[in-house]
>>> print(open('upload_31.cif').read())   # mmCIF, C-alpha atoms and all ligand atoms
data_input
#
loop_
_atom_site.label_atom_id
_atom_site.label_comp_id
_atom_site.auth_asym_id
_atom_site.auth_seq_id
_atom_site.Cartn_x
_atom_site.Cartn_y
_atom_site.Cartn_z
CA MET A 1 -57.40 -29.19 13.97
CA SER A 2 -59.89 -31.64 12.55
CA SER A 3 -61.45 -34.13 14.96
CA VAL A 4 -59.80 -36.98 13.02
CA ALA A 5 -56.41 -35.30 13.51
CA ARG A 6 -57.19 -34.93 17.23
CA GLN A 7 -57.98 -38.67 17.47
CA ARG A 8 -54.93 -39.81 15.51
CA LEU A 9 -52.41 -37.43 17.10
CA PHE A 10 -53.01 -38.14 20.77
CA ALA A 11 -53.09 -41.56 22.38
CA PRO A 12 -54.63 -41.62 25.91
CA ASP A 13 -51.19 -41.51 27.59
CA ALA A 14 -50.28 -38.45 25.49
CA ILE A 15 -53.47 -36.71 26.67
CA ASP A 16 -52.44 -37.51 30.27
CA SER A 17 -49.01 -35.97 29.75
CA LEU A 18 -50.57 -32.89 28.10
CA ARG A 19 -52.87 -32.47 31.12
CA SER A 20 -49.86 -32.73 33.42
CA VAL A 21 -48.20 -29.65 31.87
CA ALA A 22 -51.14 -27.46 30.84
CA ASP A 23 -54.68 -26.49 31.73
CA VAL A 24 -56.41 -27.85 28.68
CA ASP A 25 -59.87 -28.89 27.54
CA THR A 26 -58.85 -31.93 25.53
CA ASP A 27 -62.40 -32.39 24.18
CA LEU A 28 -62.50 -28.93 22.60
CA VAL A 29 -61.44 -29.26 18.95
CA LEU A 30 -61.77 -26.16 16.75
CA THR A 31 -61.70 -25.94 12.96
CA ASP A 32 -62.52 -22.24 12.88
CA PHE A 33 -61.83 -19.30 15.17
CA THR A 34 -65.10 -17.43 14.60
CA SER A 35 -67.74 -19.39 16.55
CA GLY A 36 -68.83 -18.30 20.03
CA GLU A 37 -67.25 -21.47 21.43
CA ALA A 38 -63.95 -20.65 19.71
CA ARG A 39 -63.93 -17.06 20.95
CA ALA A 40 -64.65 -18.18 24.51
CA ALA A 41 -61.72 -20.61 24.30
CA LEU A 42 -59.37 -18.06 22.73
CA ALA A 43 -59.95 -15.43 25.45
CA PRO A 44 -57.82 -17.12 28.17
CA ALA A 45 -55.54 -19.16 25.82
CA GLU A 46 -51.76 -18.78 26.07
CA ILE A 47 -50.94 -21.59 23.64
CA ILE A 48 -52.79 -22.93 20.61
CA LEU A 49 -52.06 -26.57 19.83
CA SER A 50 -52.72 -26.85 16.09
CA GLY A 51 -52.62 -29.61 13.51
CA TRP A 52 -54.08 -30.66 10.15
CA GLY A 53 -57.37 -28.80 9.62
CA SER A 54 -56.51 -25.80 11.81
CA PRO A 55 -57.68 -22.39 10.63
CA PRO A 56 -55.05 -19.70 10.04
CA LEU A 57 -54.11 -17.50 12.97
CA ASP A 58 -55.41 -14.29 11.43
CA ALA A 59 -55.96 -10.80 12.88
CA LEU A 60 -59.53 -11.59 14.02
CA ALA A 61 -58.44 -14.70 15.91
CA LEU A 62 -55.54 -12.78 17.47
CA ALA A 63 -57.88 -10.01 18.59
CA ALA A 64 -59.97 -12.63 20.40
CA ALA A 65 -56.85 -14.06 22.09
CA PRO A 66 -55.23 -11.25 24.10
CA ARG A 67 -53.16 -13.65 26.24
CA LEU A 68 -51.89 -15.78 23.35
CA ARG A 69 -48.09 -16.31 23.34
CA ALA A 70 -47.42 -19.38 21.22
CA LEU A 71 -48.62 -21.69 18.47
CA VAL A 72 -47.43 -25.30 18.77
CA HIS A 73 -48.09 -27.12 15.52
CA ALA A 74 -48.42 -30.91 15.67
CA ALA A 75 -47.67 -31.31 11.94
CA GLY A 76 -45.05 -30.21 9.39
CA SER A 77 -45.06 -26.86 7.62
CA VAL A 78 -46.58 -23.94 9.55
CA LYS A 79 -46.88 -21.80 6.40
CA PRO A 80 -50.68 -22.17 6.00
CA TYR A 81 -51.32 -21.28 9.67
CA VAL A 82 -49.04 -18.41 10.71
CA THR A 83 -49.82 -14.98 9.28
CA GLU A 84 -48.24 -11.59 8.93
CA ALA A 85 -50.45 -10.52 11.88
CA SER A 86 -49.22 -13.37 14.13
CA TRP A 87 -45.54 -12.54 13.41
CA ARG A 88 -46.23 -8.85 14.14
CA ARG A 89 -47.83 -9.87 17.48
CA GLY A 90 -44.64 -11.81 18.29
CA ILE A 91 -46.44 -15.15 18.65
CA LEU A 92 -43.81 -17.87 19.13
CA VAL A 93 -44.08 -20.83 16.77
CA SER A 94 -42.96 -24.44 17.06
CA SER A 95 -43.46 -27.17 14.48
CA ALA A 96 -43.29 -30.96 14.47
CA ALA A 97 -41.61 -30.97 11.03
CA ALA A 98 -38.55 -32.71 12.54
CA ALA A 99 -40.80 -35.57 13.70
CA ASN A 100 -42.46 -35.71 10.29
CA ALA A 101 -38.98 -35.94 8.71
CA ILE A 102 -38.46 -39.39 10.24
CA PRO A 103 -40.95 -41.39 8.14
CA VAL A 104 -40.08 -39.42 4.98
CA ALA A 105 -36.41 -40.31 5.46
CA GLU A 106 -37.31 -43.97 6.11
CA TYR A 107 -39.40 -44.10 2.92
CA THR A 108 -36.54 -42.50 0.99
CA LEU A 109 -33.92 -44.91 2.35
CA ALA A 110 -36.09 -47.89 1.40
CA MET A 111 -36.64 -46.52 -2.10
CA ILE A 112 -32.92 -45.74 -2.60
CA LEU A 113 -31.87 -49.26 -1.64
CA LEU A 114 -34.55 -50.91 -3.80
CA ALA A 115 -33.84 -48.56 -6.72
CA ASN A 116 -30.15 -49.45 -6.69
CA LYS A 117 -31.07 -53.14 -6.46
CA LYS A 118 -33.24 -52.63 -9.58
CA ALA A 119 -35.88 -54.58 -7.66
CA ASP A 120 -38.82 -53.13 -9.56
CA ARG A 121 -37.26 -53.79 -12.99
CA MET A 122 -36.35 -57.34 -11.98
CA ALA A 123 -39.84 -58.01 -10.57
CA ARG A 124 -41.34 -56.76 -13.84
CA ALA A 125 -39.02 -58.90 -15.96
CA TYR A 126 -39.84 -61.98 -13.83
CA ARG A 127 -43.58 -61.36 -14.14
CA GLU A 128 -43.33 -60.84 -17.91
CA ARG A 129 -40.94 -63.70 -18.76
CA ARG A 130 -41.96 -66.28 -16.10
CA THR A 131 -38.64 -68.05 -16.44
CA ARG A 132 -35.17 -67.92 -14.83
CA LEU A 133 -33.60 -64.52 -15.46
CA ASP A 134 -29.94 -64.14 -16.35
CA LEU A 135 -29.48 -61.50 -13.65
CA LEU A 136 -25.69 -61.14 -13.87
CA VAL A 137 -25.96 -60.53 -17.60
CA ASP A 138 -29.14 -58.45 -17.70
CA PHE A 139 -28.53 -56.28 -14.62
CA PRO A 140 -24.76 -55.75 -14.36
CA GLU A 141 -25.20 -52.39 -12.61
CA ALA A 142 -27.66 -53.59 -9.93
CA GLY A 143 -26.84 -53.33 -6.24
CA ASN A 144 -25.86 -51.15 -3.30
CA TYR A 145 -22.09 -51.07 -3.44
CA ALA A 146 -19.98 -48.06 -4.42
CA LYS A 147 -22.96 -46.23 -5.86
CA THR A 148 -23.44 -42.46 -5.62
CA ILE A 149 -26.52 -40.93 -4.02
CA GLY A 150 -27.32 -37.26 -4.68
CA ILE A 151 -29.31 -35.46 -1.99
CA VAL A 152 -30.84 -32.15 -3.10
CA GLY A 153 -31.49 -30.05 0.00
CA ALA A 154 -29.68 -30.43 3.34
CA SER A 155 -33.08 -30.11 4.96
CA LYS A 156 -34.32 -31.90 8.07
CA ILE A 157 -35.32 -34.81 5.82
CA GLY A 158 -32.23 -34.60 3.60
CA ARG A 159 -29.91 -34.69 6.63
CA ARG A 160 -31.72 -37.66 8.12
CA VAL A 161 -31.52 -39.54 4.82
CA ILE A 162 -27.75 -38.91 4.79
CA GLU A 163 -27.58 -40.28 8.36
CA LEU A 164 -29.60 -43.39 7.45
CA LEU A 165 -27.34 -43.98 4.45
CA SER A 166 -24.19 -43.93 6.58
CA PRO A 167 -23.99 -47.71 7.35
CA HIS A 168 -24.15 -48.50 3.63
CA GLU A 169 -21.17 -48.53 1.30
CA LEU A 170 -22.42 -45.63 -0.77
CA ARG A 171 -21.00 -42.22 -1.64
CA VAL A 172 -23.27 -39.30 -0.81
CA LEU A 173 -23.29 -35.93 -2.55
CA VAL A 174 -25.39 -33.07 -1.22
CA CYS A 175 -26.42 -29.81 -2.80
CA ASP A 176 -27.87 -26.86 -0.88
CA PRO A 177 -27.03 -23.20 -1.54
CA TYR A 178 -26.98 -22.52 2.22
CA LEU A 179 -24.60 -25.38 3.07
CA GLN A 180 -20.87 -24.99 3.77
CA ASP A 181 -18.30 -27.61 2.66
CA ALA A 182 -17.35 -28.30 6.30
CA THR A 183 -20.97 -28.86 7.36
CA ALA A 184 -21.52 -31.26 4.46
CA CYS A 185 -18.38 -33.10 5.45
CA GLY A 186 -19.62 -33.32 9.05
CA LEU A 187 -22.82 -34.90 7.75
CA GLY A 188 -20.77 -37.56 5.95
CA ALA A 189 -21.38 -36.19 2.46
CA ALA A 190 -19.53 -34.14 -0.13
CA ARG A 191 -21.02 -30.83 -1.23
CA ALA A 192 -21.69 -30.53 -4.94
CA GLU A 193 -23.34 -28.10 -7.31
CA LEU A 194 -26.69 -29.31 -8.63
CA ASP A 195 -25.52 -29.98 -12.21
CA GLU A 196 -22.52 -31.93 -10.98
CA LEU A 197 -24.68 -33.94 -8.53
CA LEU A 198 -27.21 -34.84 -11.24
CA ALA A 199 -24.50 -36.07 -13.61
CA ALA A 200 -22.72 -38.14 -10.94
CA SER A 201 -25.57 -39.82 -9.03
CA ASP A 202 -27.13 -43.26 -9.42
CA VAL A 203 -30.08 -42.05 -7.34
CA VAL A 204 -31.10 -38.40 -7.03
CA SER A 205 -33.42 -37.62 -4.10
CA LEU A 206 -35.17 -34.26 -3.77
CA HIS A 207 -35.52 -32.66 -0.31
CA ALA A 208 -35.75 -28.93 -1.05
CA PRO A 209 -38.87 -26.87 -0.29
CA ALA A 210 -41.29 -25.44 -2.83
CA LEU A 211 -40.21 -21.79 -3.12
CA PRO A 212 -40.29 -19.39 -6.08
CA SER A 213 -36.52 -20.07 -6.41
CA THR A 214 -36.92 -23.88 -6.54
CA ARG A 215 -39.82 -24.05 -9.01
CA HIS A 216 -38.76 -26.37 -11.86
CA MET A 217 -35.20 -26.50 -10.50
CA LEU A 218 -35.14 -29.80 -12.39
CA ASP A 219 -36.05 -28.42 -15.80
CA ARG A 220 -35.55 -30.15 -19.18
CA ARG A 221 -31.82 -29.32 -19.30
CA ARG A 222 -31.15 -30.59 -15.79
CA LEU A 223 -33.25 -33.74 -16.20
CA ALA A 224 -31.12 -34.53 -19.25
CA LEU A 225 -28.01 -34.41 -17.03
CA ILE A 226 -29.24 -37.38 -14.94
CA ARG A 227 -27.26 -40.51 -15.78
CA ASP A 228 -28.75 -43.29 -17.92
CA GLY A 229 -30.27 -45.96 -15.65
CA ALA A 230 -30.46 -43.63 -12.64
CA THR A 231 -33.54 -43.12 -10.45
CA LEU A 232 -35.09 -39.80 -9.47
CA ILE A 233 -36.94 -39.82 -6.12
CA ASN A 234 -39.25 -36.94 -5.31
CA THR A 235 -40.77 -36.85 -1.82
CA ALA A 236 -40.46 -33.04 -1.68
CA ARG A 237 -42.93 -31.18 -3.88
CA GLY A 238 -44.09 -31.66 -7.49
CA ALA A 239 -43.30 -28.03 -8.29
CA LEU A 240 -39.56 -28.75 -8.09
CA VAL A 241 -39.69 -30.72 -11.34
CA ASP A 242 -40.84 -29.78 -14.85
CA GLN A 243 -43.27 -32.68 -15.02
CA ASP A 244 -43.78 -32.63 -18.81
CA ALA A 245 -40.02 -32.84 -19.32
CA LEU A 246 -39.86 -35.63 -16.74
CA VAL A 247 -42.59 -37.60 -18.52
CA ALA A 248 -40.58 -37.29 -21.76
CA GLU A 249 -37.44 -38.65 -20.04
CA LEU A 250 -39.43 -41.48 -18.43
CA ARG A 251 -41.11 -42.40 -21.74
CA SER A 252 -37.66 -42.82 -23.28
CA GLY A 253 -36.93 -45.43 -20.58
CA ARG A 254 -33.60 -43.74 -19.87
CA ILE A 255 -34.30 -43.16 -16.17
CA ASP A 256 -36.71 -44.44 -13.47
CA ALA A 257 -38.67 -42.38 -10.95
CA VAL A 258 -40.23 -42.76 -7.53
CA LEU A 259 -42.79 -39.99 -7.13
CA ASP A 260 -44.58 -39.42 -3.83
CA VAL A 261 -45.53 -35.89 -4.88
CA THR A 262 -46.66 -34.48 -8.21
CA GLU A 263 -48.16 -31.34 -9.65
CA PRO A 264 -51.08 -31.29 -9.27
CA GLU A 265 -52.00 -33.63 -6.46
CA ILE A 266 -54.13 -35.59 -7.29
CA LEU A 267 -53.02 -36.20 -10.90
CA PRO A 268 -55.68 -36.16 -13.63
CA SER A 269 -56.90 -39.69 -14.40
CA ASP A 270 -55.23 -39.69 -17.84
CA SER A 271 -51.77 -38.75 -16.55
CA PRO A 272 -49.10 -41.01 -18.09
CA LEU A 273 -47.43 -41.17 -14.66
CA TYR A 274 -50.08 -43.71 -13.56
CA ASP A 275 -49.11 -46.13 -16.33
CA LEU A 276 -45.41 -45.71 -17.09
CA PRO A 277 -43.73 -48.99 -16.07
CA ASN A 278 -40.60 -47.27 -14.80
CA VAL A 279 -42.49 -45.08 -12.29
CA ILE A 280 -43.40 -45.94 -8.72
CA LEU A 281 -46.18 -43.48 -7.93
CA THR A 282 -47.42 -43.16 -4.34
CA PRO A 283 -50.14 -40.76 -3.12
CA HIS A 284 -48.11 -38.49 -0.79
CA ILE A 285 -47.55 -41.22 1.80
CA ALA A 286 -43.93 -40.57 2.82
CA GLY A 287 -44.80 -38.31 5.76
CA ALA A 288 -46.43 -39.41 9.01
CA LEU A 289 -49.34 -41.81 8.51
CA GLY A 290 -51.22 -44.26 10.70
CA VAL A 291 -49.34 -44.89 13.97
CA GLU A 292 -46.58 -42.45 12.93
CA VAL A 293 -49.02 -39.57 13.45
CA ARG A 294 -48.81 -40.14 17.22
CA ARG A 295 -45.12 -39.21 17.06
CA LEU A 296 -46.20 -35.72 15.93
CA GLY A 297 -48.61 -35.43 18.86
CA ALA A 298 -46.01 -36.56 21.41
CA PHE A 299 -43.48 -34.16 19.88
CA ALA A 300 -45.87 -31.18 20.17
CA ILE A 301 -46.65 -32.04 23.80
CA GLN A 302 -42.91 -32.12 24.57
CA GLU A 303 -42.65 -28.62 23.13
CA ILE A 304 -45.54 -27.44 25.36
CA ALA A 305 -43.82 -29.07 28.36
CA ARG A 306 -40.60 -27.18 27.55
CA TYR A 307 -42.52 -23.93 27.27
CA ALA A 308 -44.38 -24.56 30.54
CA ALA A 309 -41.05 -25.23 32.28
CA GLY A 310 -39.73 -21.88 31.07
CA HIS A 311 -37.40 -23.28 28.39
CA GLY A 312 -37.51 -22.16 24.78
CA PHE A 313 -38.91 -24.44 22.12
CA ALA A 314 -36.48 -27.11 20.87
CA HIS A 315 -37.92 -26.70 17.36
CA PRO A 316 -38.84 -23.04 16.89
CA VAL A 317 -39.79 -21.58 13.52
CA THR A 318 -39.02 -17.93 12.85
CA GLU A 319 -40.37 -15.59 10.20
CA ALA A 320 -36.90 -15.40 8.61
CA ASP A 321 -36.76 -19.22 8.28
CA LEU A 322 -39.78 -19.27 6.00
CA THR A 323 -37.89 -17.89 3.00
CA ARG A 324 -35.76 -21.05 2.78
CA VAL A 325 -37.62 -23.83 4.59
CA ALA A 326 -40.68 -25.94 3.78
N1 LIG A 401 -43.92 -36.40 0.98
C1 LIG A 401 -44.25 -36.02 2.20
O1 LIG A 401 -45.11 -36.62 2.85
C2 LIG A 401 -43.53 -34.86 2.84
C3 LIG A 401 -43.55 -34.70 4.24
C4 LIG A 401 -42.82 -33.66 4.80
C5 LIG A 401 -42.10 -32.76 4.00
N2 LIG A 401 -42.15 -32.93 2.64
C6 LIG A 401 -41.37 -32.04 1.77
O2 LIG A 401 -40.01 -32.42 1.89
C7 LIG A 401 -39.16 -31.30 1.59
C8 LIG A 401 -38.12 -31.12 2.70
O3 LIG A 401 -38.80 -30.79 3.92
P1 LIG A 401 -37.94 -30.44 5.23
O4 LIG A 401 -38.91 -30.18 6.33
O5 LIG A 401 -36.90 -31.47 5.40
O6 LIG A 401 -37.26 -29.09 4.73
P2 LIG A 401 -36.55 -27.96 5.65
O7 LIG A 401 -37.51 -26.85 5.77
O8 LIG A 401 -35.99 -28.58 6.87
O9 LIG A 401 -35.30 -27.51 4.81
C9 LIG A 401 -35.33 -26.97 3.55
C10 LIG A 401 -33.88 -27.00 3.05
O10 LIG A 401 -33.86 -26.73 1.65
C11 LIG A 401 -32.73 -25.93 1.40
N3 LIG A 401 -32.87 -25.24 0.12
C12 LIG A 401 -33.48 -24.05 -0.13
N4 LIG A 401 -33.35 -23.76 -1.45
C13 LIG A 401 -32.66 -24.79 -2.01
C14 LIG A 401 -32.20 -25.08 -3.33
N5 LIG A 401 -32.43 -24.23 -4.35
N6 LIG A 401 -31.51 -26.21 -3.55
C15 LIG A 401 -31.27 -27.08 -2.54
N7 LIG A 401 -31.65 -26.86 -1.27
C16 LIG A 401 -32.35 -25.74 -1.01
C17 LIG A 401 -32.63 -25.01 2.61
O11 LIG A 401 -31.32 -24.49 2.76
C18 LIG A 401 -32.98 -25.98 3.74
O12 LIG A 401 -31.82 -26.64 4.18
C19 LIG A 401 -40.10 -30.11 1.41
O13 LIG A 401 -40.37 -29.92 0.04
C20 LIG A 401 -41.37 -30.56 2.12
O14 LIG A 401 -42.51 -29.89 1.63
C21 LIG A 401 -42.83 -33.94 2.06
#
>>> encode(input="upload_31.cif", output="structure tokens", more="lines below")
Ligand SMILES: NC(=O)c1ccc[n+]([C@@H]2O[C@H](COP(=O)([O-])OP(=O)(O)OC[C@H]3O[C@@H](n4cnc5c(N)ncnc54)[C@H](O)[C@@H]3O)[C@@H](O)[C@H]2O)c1
Amino acid sequence: MSSVARQRLFAPDAIDSLRSVADVDTDLVLTDFTSGEARAALAPAEIILSGWGSPPLDALALAAAPRLRALVHAAGSVKPYVTEASWRRGILVSSAAAANAIPVAEYTLAMILLANKKADRMARAYRERRTRLDLLVDFPEAGNYAKTIGIVGASKIGRRVIELLSPHELRVLVCDPYLQDATACGLGAARAELDELLAASDVVSLHAPALPSTRHMLDRRRLALIRDGATLINTARGALVDQDALVAELRSGRIDAVLDVTEPEILPSDSPLYDLPNVILTPHIAGALGVEVRRLGAFAIQEIARYAAGHGFAHPVTEADLTRVA
């Protein structure tokens, strides 16, 4: 991982707990597996603790690490780091994606509640008019009562958003091709097909992964199904949405959007998404940032402690998972 990731991930007490479960050189931080120092460290290593800035675990690195059994990733998706060669070697993999889901779900909950309240539209109207607003007349649909929230993807984040929504008097629909009716019901949501969810929701929140099958899942036709006055929240990946079609919908003023992810990231400086008044655009901030990053470090150390105690990982990732997860 990068040295900045190393600093942010592990507070001194986390380093102490890591030392209590593993023989580890906590000052050795590698961003490539080819240097002499890296090869000397790989030779006896049973576990690699990786994070942002790690190199991929390719065949050369594996050849230098004959005792390696596991990769514990102190960040979200492991897709850039695990390789065909590491799966073939049977290297076990754990990820801190479940810990990273927490801040994304918190961001989403906040945005859902403020979107329903029409807070951004009201703030804009106040700033523009600088007089008392006739809120009951101008915003008859504002508020968080008996609204419908559509969650696309019963993912780690999607499920946590549903959980965080549970104290509120809102109806939740969820769409995920791998989800059964009974499981959705157990989550406190009703399963719906995507078209039905888009047409019925006051807020649509995307939590599916970027896969070939999800590219532009919200295309022009589906964006047109979203109700007038609704808000689309995307904290997942820009590739899920046909962005040109979305810009056209947003220009019409028919819907609002909260976009934490776009395609590409970073947007070109002349992108209309920077300036459209009905868009809240944030620079991929929903996941762990600042102090939240330490949660990822603590989570990874817990996984190493489980492994050292002879238990399996609580959050394993398998090769088969990667066809449907982030
Ligand atoms: N903005 C951020 O900072 C941030 C941080 C972390 C994750 N993410 C993104 O959030 C999204 C969710 O991540 P996660 O870790 O919760 O995902 P996950 O890997 O836990 O789950 C993915 C889910 O998507 C479902 N799915 C697959 N195809 C689908 C489809 N066509 N329609 C609906 N659901 C489908 C799968 O069944 C699975 O339940 C991903 O796109 C991820 O990249 C963003």
>>> residues_near_ligand(input="upload_31.cif", ligand="ligand LIG 401 (chain A)", cutoff="9 Å", atoms="only C-alpha atoms and all ligand atoms", output="MDAnalysis selection string")
chainID A and resid 75:77 97:98 100:101 103:105 151:160 174:179 194 206:211 213:215 217 234:238 240 259:261 283:289 321:326
>>> write_last_selection(input="upload_31.cif", atoms="C-alpha atoms", output="PDB file, in the coordinates of the input")
ATOM      1  CA  ALA A  75     -47.670 -31.310  11.940  1.00  0.00           C
ATOM      2  CA  GLY A  76     -45.050 -30.210   9.390  1.00  0.00           C
ATOM      3  CA  SER A  77     -45.060 -26.860   7.620  1.00  0.00           C
ATOM      4  CA  ALA A  97     -41.610 -30.970  11.030  1.00  0.00           C
ATOM      5  CA  ALA A  98     -38.550 -32.710  12.540  1.00  0.00           C
ATOM      6  CA  ASN A 100     -42.460 -35.710  10.290  1.00  0.00           C
ATOM      7  CA  ALA A 101     -38.980 -35.940   8.710  1.00  0.00           C
ATOM      8  CA  PRO A 103     -40.950 -41.390   8.140  1.00  0.00           C
ATOM      9  CA  VAL A 104     -40.080 -39.420   4.980  1.00  0.00           C
ATOM     10  CA  ALA A 105     -36.410 -40.310   5.460  1.00  0.00           C
ATOM     11  CA  ILE A 151     -29.310 -35.460  -1.990  1.00  0.00           C
ATOM     12  CA  VAL A 152     -30.840 -32.150  -3.100  1.00  0.00           C
ATOM     13  CA  GLY A 153     -31.490 -30.050   0.000  1.00  0.00           C
ATOM     14  CA  ALA A 154     -29.680 -30.430   3.340  1.00  0.00           C
ATOM     15  CA  SER A 155     -33.080 -30.110   4.960  1.00  0.00           C
ATOM     16  CA  LYS A 156     -34.320 -31.900   8.070  1.00  0.00           C
ATOM     17  CA  ILE A 157     -35.320 -34.810   5.820  1.00  0.00           C
ATOM     18  CA  GLY A 158     -32.230 -34.600   3.600  1.00  0.00           C
ATOM     19  CA  ARG A 159     -29.910 -34.690   6.630  1.00  0.00           C
ATOM     20  CA  ARG A 160     -31.720 -37.660   8.120  1.00  0.00           C
ATOM     21  CA  VAL A 174     -25.390 -33.070  -1.220  1.00  0.00           C
ATOM     22  CA  CYS A 175     -26.420 -29.810  -2.800  1.00  0.00           C
ATOM     23  CA  ASP A 176     -27.870 -26.860  -0.880  1.00  0.00           C
ATOM     24  CA  PRO A 177     -27.030 -23.200  -1.540  1.00  0.00           C
ATOM     25  CA  TYR A 178     -26.980 -22.520   2.220  1.00  0.00           C
ATOM     26  CA  LEU A 179     -24.600 -25.380   3.070  1.00  0.00           C
ATOM     27  CA  LEU A 194     -26.690 -29.310  -8.630  1.00  0.00           C
ATOM     28  CA  LEU A 206     -35.170 -34.260  -3.770  1.00  0.00           C
ATOM     29  CA  HIS A 207     -35.520 -32.660  -0.310  1.00  0.00           C
ATOM     30  CA  ALA A 208     -35.750 -28.930  -1.050  1.00  0.00           C
ATOM     31  CA  PRO A 209     -38.870 -26.870  -0.290  1.00  0.00           C
ATOM     32  CA  ALA A 210     -41.290 -25.440  -2.830  1.00  0.00           C
ATOM     33  CA  LEU A 211     -40.210 -21.790  -3.120  1.00  0.00           C
ATOM     34  CA  SER A 213     -36.520 -20.070  -6.410  1.00  0.00           C
ATOM     35  CA  THR A 214     -36.920 -23.880  -6.540  1.00  0.00           C
ATOM     36  CA  ARG A 215     -39.820 -24.050  -9.010  1.00  0.00           C
ATOM     37  CA  MET A 217     -35.200 -26.500 -10.500  1.00  0.00           C
ATOM     38  CA  ASN A 234     -39.250 -36.940  -5.310  1.00  0.00           C
ATOM     39  CA  THR A 235     -40.770 -36.850  -1.820  1.00  0.00           C
ATOM     40  CA  ALA A 236     -40.460 -33.040  -1.680  1.00  0.00           C
ATOM     41  CA  ARG A 237     -42.930 -31.180  -3.880  1.00  0.00           C
ATOM     42  CA  GLY A 238     -44.090 -31.660  -7.490  1.00  0.00           C
ATOM     43  CA  LEU A 240     -39.560 -28.750  -8.090  1.00  0.00           C
ATOM     44  CA  LEU A 259     -42.790 -39.990  -7.130  1.00  0.00           C
ATOM     45  CA  ASP A 260     -44.580 -39.420  -3.830  1.00  0.00           C
ATOM     46  CA  VAL A 261     -45.530 -35.890  -4.880  1.00  0.00           C
ATOM     47  CA  PRO A 283     -50.140 -40.760  -3.120  1.00  0.00           C
ATOM     48  CA  HIS A 284     -48.110 -38.490  -0.790  1.00  0.00           C
ATOM     49  CA  ILE A 285     -47.550 -41.220   1.800  1.00  0.00           C
ATOM     50  CA  ALA A 286     -43.930 -40.570   2.820  1.00  0.00           C
ATOM     51  CA  GLY A 287     -44.800 -38.310   5.760  1.00  0.00           C
ATOM     52  CA  ALA A 288     -46.430 -39.410   9.010  1.00  0.00           C
ATOM     53  CA  LEU A 289     -49.340 -41.810   8.510  1.00  0.00           C
ATOM     54  CA  ASP A 321     -36.760 -19.220   8.280  1.00  0.00           C
ATOM     55  CA  LEU A 322     -39.780 -19.270   6.000  1.00  0.00           C
ATOM     56  CA  THR A 323     -37.890 -17.890   3.000  1.00  0.00           C
ATOM     57  CA  ARG A 324     -35.760 -21.050   2.780  1.00  0.00           C
ATOM     58  CA  VAL A 325     -37.620 -23.830   4.590  1.00  0.00           C
ATOM     59  CA  ALA A 326     -40.680 -25.940   3.780  1.00  0.00           C
TER      60      ALA A 326
END
>>> residues_near_point(input="upload_31.cif", point="(-41.3, -23.1, 25.4)", cutoff="12 Å", atoms="all atoms listed in the file", output="MDAnalysis selection string")
chainID A and resid 21 46:47 69:72 91:95 300:316
>>> residues_around(input="upload_31.cif", residues="A:Ser54", least_positions_apart="5", cutoff="7 Å", atoms="only C-alpha atoms", output="PyMOL selection string")
chain A and resi 1-2+31
>>> axis_aligned_box(input="upload_31.cif", around="stretch 27-42 of chain A", padding_each_side="3 Å", output="JSON")
{"center_x": -64.1, "center_y": -24.7, "center_z": 18.7, "size_x": 15.5, "size_y": 21.3, "size_z": 17.6}
>>> closest_residue(input="upload_31.cif", among="A:Val258, A:Ala224, A:Leu187, A:Ala45", to="A:Leu109", atoms="all atoms listed in the file")
A:Val258
>>> atom_distance(input="upload_31.cif", atom1="atom CA of A:Cys185", atom2="atom CA of A:Glu169")
16.2 Å
>>> closest_residue(input="upload_31.cif", among="A:Ala110, A:Leu62, A:Val317, A:Val137", to="A:Arg88", atoms="all atoms listed in the file")
A:Leu62
>>> atom_distance(input="upload_31.cif", atom1="atom CA of A:Lys117", atom2="atom CA of A:Pro140")
10.4 Å
>>> atom_distance(input="upload_31.cif", atom1="atom CA of A:Leu18", atom2="atom CA of A:Tyr81")
21.8 Å
>>> closest_residue(input="upload_31.cif", among="A:Gln7, A:Ser20, A:Thr318, A:Gln180", to="A:Val291", atoms="all atoms listed in the file")
A:Gln7
>>> residues_around(input="upload_31.cif", residues="A:Tyr145", least_positions_apart="2", cutoff="8 Å", atoms="only C-alpha atoms", output="ChimeraX atom specification")
/A:143,147,168-170
>>> closest_residue(input="upload_31.cif", among="A:Pro12, A:Gly290, A:Gly297, A:Gly229", to="A:Ser252", atoms="all atoms listed in the file")
A:Gly229
>>> closest_residue(input="upload_31.cif", among="A:Thr231, A:Arg221, A:Ile102, A:Pro66", to="A:Thr148", atoms="all atoms listed in the file")
A:Thr231
>>> closest_residue(input="upload_31.cif", among="A:Ala184, A:Val78, A:Leu296, A:Ala230", to="A:Lys118", atoms="all atoms listed in the file")
A:Ala230
